[in-house]
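Dumped model-v7.txt below, it's compact mmCIF, C-alpha atoms:
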```txt
# COMPACT_ATOMS: atom_id res chain seq x y z
CA MET L 1 101.02 32.00 128.86
CA PRO L 2 102.36 35.55 128.38
CA GLN L 3 100.24 38.50 129.46
CA THR L 4 99.30 40.57 126.40
CA ILE L 5 99.42 44.35 126.88
CA ILE L 6 97.97 46.60 124.19
CA ILE L 7 99.32 50.16 124.14
CA GLY L 8 96.73 52.65 122.89
CA LYS L 9 93.44 51.96 124.65
CA SER L 10 91.08 54.11 122.61
CA SER L 11 91.83 52.80 119.13
CA ASN L 12 89.26 50.82 117.17
CA LEU L 13 91.73 47.97 116.70
CA SER L 14 92.60 47.87 120.42
CA ASN L 15 88.93 47.49 121.34
CA VAL L 16 88.41 44.52 119.02
CA LEU L 17 91.74 42.92 119.96
CA THR L 18 90.99 43.19 123.67
CA ALA L 19 87.73 41.34 123.13
CA ALA L 20 89.41 38.65 121.01
CA LEU L 21 92.52 37.98 123.11
CA LYS L 22 91.64 36.30 126.39
CA GLY L 23 93.09 38.20 129.33
CA ALA L 24 94.56 41.00 127.22
CA VAL L 25 94.63 44.49 128.75
CA ALA L 26 94.65 47.81 126.94
CA VAL L 27 96.49 50.79 128.44
CA SER L 28 95.89 54.45 127.65
CA SER L 29 98.75 56.35 125.99
CA ARG L 30 97.72 59.51 127.85
CA GLU L 31 97.93 57.76 131.20
CA LEU L 32 101.33 56.29 130.29
CA MET L 33 102.71 59.74 129.54
CA GLU L 34 101.51 60.89 132.95
CA ASP L 35 102.89 57.87 134.82
CA VAL L 36 104.49 54.89 133.08
CA ASN L 37 104.60 53.08 136.45
CA ILE L 38 100.98 52.01 135.91
CA LEU L 39 102.68 49.12 134.08
CA GLU L 40 104.63 48.04 137.17
CA LYS L 41 102.59 44.88 137.86
CA TYR L 42 103.64 43.50 134.46
CA LYS L 43 107.35 44.08 134.91
CA ASN L 44 108.22 40.73 136.47
CA ILE L 45 106.12 38.45 134.27
CA LYS L 46 106.38 37.25 130.68
CA ILE L 47 104.54 39.61 128.34
CA ASN L 48 103.49 40.32 124.77
CA LEU L 49 103.36 43.97 123.69
CA ILE L 50 101.08 45.26 120.94
CA PHE L 51 101.65 48.91 120.01
CA ASN L 52 98.53 50.59 118.60
CA ASN L 53 99.40 54.06 119.88
CA PHE L 54 99.58 56.88 117.34
CA GLN L 55 98.10 60.28 116.58
CA PRO L 56 94.29 59.76 116.47
CA ALA L 57 93.15 58.85 112.96
CA THR L 58 90.79 61.83 112.82
CA GLU L 59 93.73 64.20 113.51
CA LEU L 60 96.40 62.80 111.20
CA ASN L 61 96.28 65.79 108.89
CA THR L 62 96.34 68.47 111.57
CA LEU L 63 99.35 69.91 113.39
CA GLU L 64 97.85 72.09 116.07
CA SER L 65 100.57 70.83 118.42
CA ALA L 66 103.74 69.38 116.95
CA GLN L 67 104.78 68.17 120.40
CA LYS L 68 101.50 66.33 120.97
CA TYR L 69 101.67 64.76 117.50
CA VAL L 70 105.18 63.38 118.11
CA THR L 71 104.30 62.29 121.67
CA ASN L 72 101.28 60.32 120.49
CA SER L 73 103.08 58.86 117.51
CA ILE L 74 106.48 57.76 118.81
CA LEU L 75 107.35 59.03 122.30
CA VAL L 76 104.86 56.69 123.99
CA THR L 77 106.41 53.77 122.10
CA ALA L 78 109.91 54.72 123.28
CA LYS L 79 108.79 55.24 126.87
CA VAL L 80 107.19 51.79 127.09
CA LEU L 81 110.19 50.10 125.48
CA ASP L 82 112.53 51.75 127.99
CA TYR L 83 110.31 50.74 130.89
CA PHE L 84 110.29 47.08 129.91
CA LYS L 85 114.02 46.93 129.10
CA ASP L 86 114.71 44.23 131.72
CA THR L 87 111.38 42.42 131.36
CA GLN L 88 110.89 39.03 129.70
CA ILE L 89 109.18 40.04 126.46
CA ASN L 90 107.87 37.13 124.42
CA LYS L 91 106.69 39.10 121.38
CA ILE L 92 106.24 42.66 120.16
CA ILE L 93 103.74 43.59 117.45
CA TYR L 94 103.85 47.11 116.06
CA THR L 95 100.84 48.36 114.11
CA SER L 96 102.25 50.15 111.09
CA SER L 97 100.62 51.24 107.85
CA SER L 98 100.73 50.63 104.12
CA SER L 99 101.37 54.37 103.76
CA VAL L 100 105.09 53.69 104.34
CA TYR L 101 105.32 52.37 100.76
CA GLY L 102 104.05 55.51 99.03
CA ASN L 103 102.66 54.95 95.53
CA ASN L 104 103.17 51.26 94.85
CA ILE L 105 101.10 49.01 92.59
CA LEU L 106 101.77 45.85 94.60
CA CYS L 107 103.57 46.52 97.88
CA HIS L 108 106.05 43.84 98.92
CA GLU L 109 107.70 43.73 102.33
CA LYS L 110 111.15 44.10 100.75
CA ASP L 111 110.22 47.17 98.67
CA GLU L 112 111.90 50.50 99.30
CA LEU L 113 109.93 52.69 101.69
CA LYS L 114 108.76 56.01 100.24
CA PRO L 115 106.64 57.81 102.86
CA MET L 116 104.92 60.86 101.39
CA ASN L 117 103.68 62.61 104.55
CA LEU L 118 104.30 63.12 108.26
CA HIS L 119 102.05 60.25 109.29
CA ALA L 120 103.88 57.74 107.10
CA SER L 121 107.31 59.07 108.07
CA LEU L 122 106.59 58.62 111.78
CA LYS L 123 105.35 55.10 111.10
CA VAL L 124 108.72 54.36 109.49
CA ALA L 125 110.50 55.89 112.50
CA ASN L 126 108.53 53.62 114.84
CA GLU L 127 109.35 50.60 112.70
CA LYS L 128 113.07 51.37 112.90
CA LEU L 129 112.84 51.93 116.66
CA ILE L 130 111.13 48.56 117.18
CA GLU L 131 113.57 46.82 114.86
CA LYS L 132 116.63 48.22 116.67
CA TYR L 133 115.26 47.56 120.17
CA CYS L 134 114.31 43.97 119.38
CA SER L 135 117.57 43.25 117.59
CA ASP L 136 119.62 44.59 120.50
CA ASN L 137 117.59 42.68 123.10
CA ASN L 138 116.97 39.45 121.16
CA ILE L 139 113.16 39.86 121.12
CA ASP L 140 110.87 38.38 118.48
CA TYR L 141 108.77 41.01 116.75
CA THR L 142 106.37 41.63 113.89
CA ILE L 143 105.74 44.94 112.16
CA ALA L 144 102.22 44.70 110.78
CA ARG L 145 101.73 46.98 107.76
CA ILE L 146 97.96 47.25 107.64
CA PHE L 147 96.29 48.44 104.46
CA ASN L 148 92.92 50.25 104.48
CA MET L 149 91.12 48.87 107.52
CA TYR L 150 87.37 49.28 108.02
CA GLY L 151 84.69 47.84 110.30
CA GLY L 152 84.23 47.80 114.06
CA ASP L 153 83.75 51.15 115.75
CA ASP L 154 85.15 52.94 112.72
CA ASN L 155 84.47 56.63 112.15
CA PHE L 156 87.51 57.47 110.03
CA SER L 157 87.74 55.26 106.93
CA ILE L 158 86.05 56.15 103.66
CA ILE L 159 83.96 53.01 104.13
CA SER L 160 82.54 54.40 107.39
CA LYS L 161 81.89 57.71 105.64
CA ILE L 162 79.91 55.95 102.89
CA ILE L 163 77.75 54.32 105.56
CA LYS L 164 77.25 57.61 107.41
CA ALA L 165 76.36 59.50 104.23
CA TYR L 166 73.72 56.92 103.35
CA LYS L 167 72.26 56.76 106.87
CA THR L 168 72.02 60.54 107.20
CA ASN L 169 71.06 61.17 103.57
CA GLN L 170 73.99 63.56 103.15
CA GLN L 171 76.50 64.09 100.38
CA LEU L 172 79.67 62.01 100.46
CA THR L 173 82.86 63.93 99.71
CA ILE L 174 85.23 61.92 97.53
CA VAL L 175 88.73 62.79 96.35
CA ASN L 176 89.79 62.89 92.70
CA ASN L 177 86.50 61.33 91.58
CA GLY L 178 87.21 58.27 93.69
CA ASN L 179 89.71 56.87 91.19
CA ALA L 180 92.50 55.94 93.64
CA ILE L 181 92.97 52.19 94.16
CA ARG L 182 93.01 50.85 97.71
CA ASP L 183 93.20 47.45 99.41
CA PHE L 184 90.35 47.37 101.96
CA ILE L 185 90.56 44.85 104.80
CA HIS L 186 87.95 44.25 107.50
CA ILE L 187 89.03 44.68 111.12
CA ASP L 188 87.91 41.15 112.01
CA ASP L 189 90.37 39.78 109.45
CA VAL L 190 93.12 41.96 110.95
CA VAL L 191 92.39 40.69 114.46
CA GLU L 192 92.40 37.08 113.25
CA VAL L 193 95.86 37.70 111.78
CA TYR L 194 97.16 39.32 114.99
CA VAL L 195 96.10 36.27 116.99
CA GLU L 196 98.20 34.14 114.65
CA PHE L 197 101.14 36.57 114.81
CA LEU L 198 101.39 36.01 118.57
CA LYS L 199 102.18 32.37 117.76
CA CYS L 200 104.52 33.03 114.81
CA LYS L 201 108.27 33.42 115.15
CA ASN L 202 110.78 35.13 112.87
CA SER L 203 108.30 37.19 110.84
CA PRO L 204 109.62 40.74 111.28
CA ILE L 205 107.61 42.58 108.60
CA VAL L 206 104.26 41.40 107.20
CA ASN L 207 101.65 43.12 105.02
CA ILE L 208 98.05 42.79 106.18
CA GLY L 209 95.81 43.20 103.17
CA THR L 210 93.54 41.21 100.89
CA GLY L 211 95.82 41.46 97.88
CA ASN L 212 93.00 43.05 95.86
CA GLY L 213 92.67 46.71 94.98
CA ILE L 214 89.45 48.58 94.26
CA SER L 215 88.47 52.22 93.78
CA ILE L 216 85.75 54.12 95.61
CA LYS L 217 84.25 54.88 92.20
CA THR L 218 83.89 51.16 91.53
CA ILE L 219 82.37 50.60 94.98
CA LEU L 220 79.83 53.41 94.51
CA ASP L 221 78.92 52.10 91.05
CA TYR L 222 78.39 48.64 92.52
CA LEU L 223 76.12 50.04 95.23
CA LYS L 224 74.17 52.04 92.65
CA ASN L 225 73.64 48.89 90.60
CA ASN L 226 72.16 47.38 93.75
CA LYS L 227 69.76 50.31 94.15
CA ILE L 228 71.85 52.01 96.84
CA ASP L 229 72.42 55.51 95.54
CA ILE L 230 74.72 57.93 97.36
CA SER L 231 75.08 61.58 96.39
CA VAL L 232 78.71 62.69 96.07
CA ASP L 233 80.71 65.87 96.01
CA ASN L 234 84.21 65.78 94.53
CA ILE L 235 87.36 67.58 95.63
CA THR L 236 90.81 67.52 94.06
CA LYS L 237 93.91 66.97 96.17
CA ASN L 238 97.22 65.15 96.17
CA GLU L 239 96.88 61.53 97.31
CA LEU L 240 98.34 58.08 96.80
CA LYS L 241 97.07 56.85 93.45
CA ILE L 242 97.38 53.16 94.22
CA SER L 243 98.16 50.98 97.25
CA THR L 244 97.61 47.22 97.22
CA ALA L 245 99.23 44.47 99.25
CA ASP L 246 101.42 41.63 98.18
CA ASN L 247 100.04 39.28 100.84
CA GLN L 248 101.79 36.03 99.93
CA LEU L 249 103.90 36.15 103.10
CA LEU L 250 100.77 36.68 105.21
CA ILE L 251 99.10 33.67 103.60
CA SER L 252 102.15 31.46 104.07
CA LEU L 253 102.49 32.41 107.75
CA THR L 254 98.83 32.19 108.77
CA GLY L 255 97.20 29.99 106.14
CA LYS L 256 94.52 32.66 105.73
CA LYS L 257 93.40 32.92 102.10
CA THR L 258 89.90 34.37 102.31
CA PHE L 259 88.96 37.86 103.46
CA ARG L 260 85.71 39.74 103.86
CA GLU L 261 84.84 41.54 100.64
CA VAL L 262 84.25 45.27 101.03
CA GLN L 263 81.50 45.62 98.41
CA GLN L 264 79.48 42.79 99.93
CA PHE L 265 80.03 44.23 103.41
CA LEU L 266 78.66 47.62 102.35
CA LYS L 267 75.75 46.12 100.46
CA GLU L 268 74.66 44.11 103.51
CA GLU L 269 75.23 47.01 105.89
CA LEU L 270 73.27 49.53 103.82
CA GLN L 271 70.45 47.19 102.90
CA THR L 272 69.98 46.60 106.62
CA CYS L 273 69.81 50.37 107.17
CA ARG L 274 67.17 50.70 104.46
CA SER L 275 64.98 47.95 105.85
```
Now that the file is in, can you turn its structure into structure tokens?
Amino acid sequence: MPQTIIIGKSSNLSNVLTAALKGAVAVSSRELMEDVNILEKYKNIKINLIFNNFQPATELNTLESAQKYVTNSILVTAKVLDYFKDTQINKIIYTSSSSVYGNNILCHEKDELKPMNLHASLKVANEKLIEKYCSDNNIDYTIARIFNMYGGDDNFSIISKIIKAYKTNQQLTIVNNGNAIRDFIHIDDVVEVYVEFLKCKNSPIVNIGTGNGISIKTILDYLKNNKIDISVDNITKNELKISTADNQLLISLTGKKTFREVQQFLKEELQTCRS
């Protein structure tokens, strides 16, 4: 059985994947930049590579160091790929994002990519790097375009911010009155899909989403109807208006048709807090 190596040790997804994949090891991007030879013991065995490295989610909109941003986002990927050039790689999974589609009512894997910001553009660059490397070296790969993930040790998503606002009795800041439509998928569903991807062949690009879009306004209204009232403050800014997944390919590859429902998740989580 191939040894699974997860690049990007500190990410929420890496933590849950490491627990779910027997024998998997997660490696720090920072340590790899200091000395890529920490991977030496894996060089002569069959491996799977999962790339979760990127600029930390909490710093996606800051550019205090352009060099650090690019290093975290793509240079680590390139360095690891170069290091394992002559290694027997069974499978590569790259964790991409639905943001590569831009505004898109129902994102399909074959749709034109329209990244609207630096984060999305660097995700596209990583995708192209993985695609070229795997094509040149005859390696099976999957680019996983994850939609709005929540759950686990999450302190970045709007879902985590709703929970925090309720727990601390503080105002929740929402954007554009919470009208944007998003496809929210629980991290446990994402991990379940990744486990299946390690078994799948010839599935180069796959959306990971529920196929259902919902607005934060609708979620907050649902919570209010269930006697969970959260005070909000609104700001106006440019953002994607809609992003939902066409997940028919995902369903056909994995057989997974049911996903955790975000409203029910929040209701259960917040009712537990209240009690």
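Closest approach to L:Ile93 among L:Lys41, L:Arg145, L:Lys241, L:Lys161 is made by L:Arg145 (distances from all atoms listed in the file).
Of the listed residues (L:Asn12, L:Thr95, L:Asn202, L:Ser157), L:Asn202 comes nearest to L:Ser135; the distances count only C-alpha atoms.
Between L:Lys167 and the candidates L:Asn53, L:Asp229, L:Thr236, L:Lys256, the tightest atom-to-atom separation, counting all atoms listed in the file, involves L:Asp229.
Here atom CA of L:Ile130 stands at a distance of 28.5 Å from atom CA of L:Asn212.
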For L:Asp140, please output as a PyMOL selection string all residues within 8 Å (counting only C-alpha atoms; exclusion window: fewer than 4 positions along the same chain). chain L and resi 90-92+134+201-202+204
Would you kindly return, as a ChimeraX atom specification, each protein, DNA or RNA residue with an atom no farther than 12 Å from any atom of stretch 175-181 of chain L, considering all atoms listed in the file and excluding same-chain residues fewer than 5 positions away? /L:103-106,147-148,158,162,211-221,232-245
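Taking atom CA of L:Asn72 and atom CA of L:Glu127 as the two end points, the separation is 14.8 Å.
Using only C-alpha atoms, the smallest distance between any of L:Lys164, L:Lys114, L:Phe197, L:Ser97 and L:Asn126 comes from L:Ser97.
Residues in contact range of L:Arg30, defined as at most 10 Å between all atoms listed in the file, with sequence neighbours fewer than 2 positions away removed, read L:Gly8, L:Lys9, L:Val27, L:Ser28, L:Leu32, L:Met33, L:Glu34, L:Asp35, L:Val36, L:Asn53, L:Thr71, L:Asn72, L:Val76.
Residue nearest L:Leu249, chosen from L:Ser96, L:Ser14, L:Asp188, L:Glu109 and counting only C-alpha atoms: L:Glu109.
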Any idea what's packed within 10 Å of L:Asp154, counting all atoms listed in the file, ignoring anything in its chain fewer than 2 positions away? Could you give it as a PyMOL selection string? chain L and resi 11-13+57+149-152+156-161+187
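One distance worth recording is that between atom CA of L:Ser231 and atom CA of L:Phe184, which is 21.6 Å.
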Please, what is the axis-aligned box for every listed atom of stretch 71-74 of chain L with 6 Å on each side, as centre and edge lengths in Å to one decimal, as AutoDock Vina command-line options?
```
--center_x 103.9 --center_y 60.0 --center_z 119.6 --size_x 17.2 --size_y 16.5 --size_z 16.2
```
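Closest approach to L:Gln264 among L:Gln67, L:Gln248, L:Glu192, L:His186: L:His186, based on all atoms listed in the file.
Close contacts of L:Ile50, defined as residues with an atom at most 8 Å away when counting only C-alpha atoms, with chain neighbours fewer than 2 positions off set aside, comprise Thr4, Ile5, Ile6, Ile7, Asn48, Asn52, Ile92, Ile93, Tyr94 and Thr95 of chain L.
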Write to file, as a PDB file, in the coordinates of the input, the residues of the selection just made, with C-alpha atoms.
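The new file again29.pdb reads:
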```pdb
ATOM      1  CA  THR L   4      99.300  40.570 126.400  1.00  0.00           C
ATOM      2  CA  ILE L   5      99.420  44.350 126.880  1.00  0.00           C
ATOM      3  CA  ILE L   6      97.970  46.600 124.190  1.00  0.00           C
ATOM      4  CA  ILE L   7      99.320  50.160 124.140  1.00  0.00           C
ATOM      5  CA  ASN L  48     103.490  40.320 124.770  1.00  0.00           C
ATOM      6  CA  ASN L  52      98.530  50.590 118.600  1.00  0.00           C
ATOM      7  CA  ILE L  92     106.240  42.660 120.160  1.00  0.00           C
ATOM      8  CA  ILE L  93     103.740  43.590 117.450  1.00  0.00           C
ATOM      9  CA  TYR L  94     103.850  47.110 116.060  1.00  0.00           C
ATOM     10  CA  THR L  95     100.840  48.360 114.110  1.00  0.00           C
TER      11      THR L  95
END
```
Within 12 Å of (113.8, 53.0, 124.5), in the coordinates the file gives, what residues turn up when you count only C-alpha atoms, written out as an MDAnalysis selection string? chainID L and resid 74:86 126 128:134 136:137
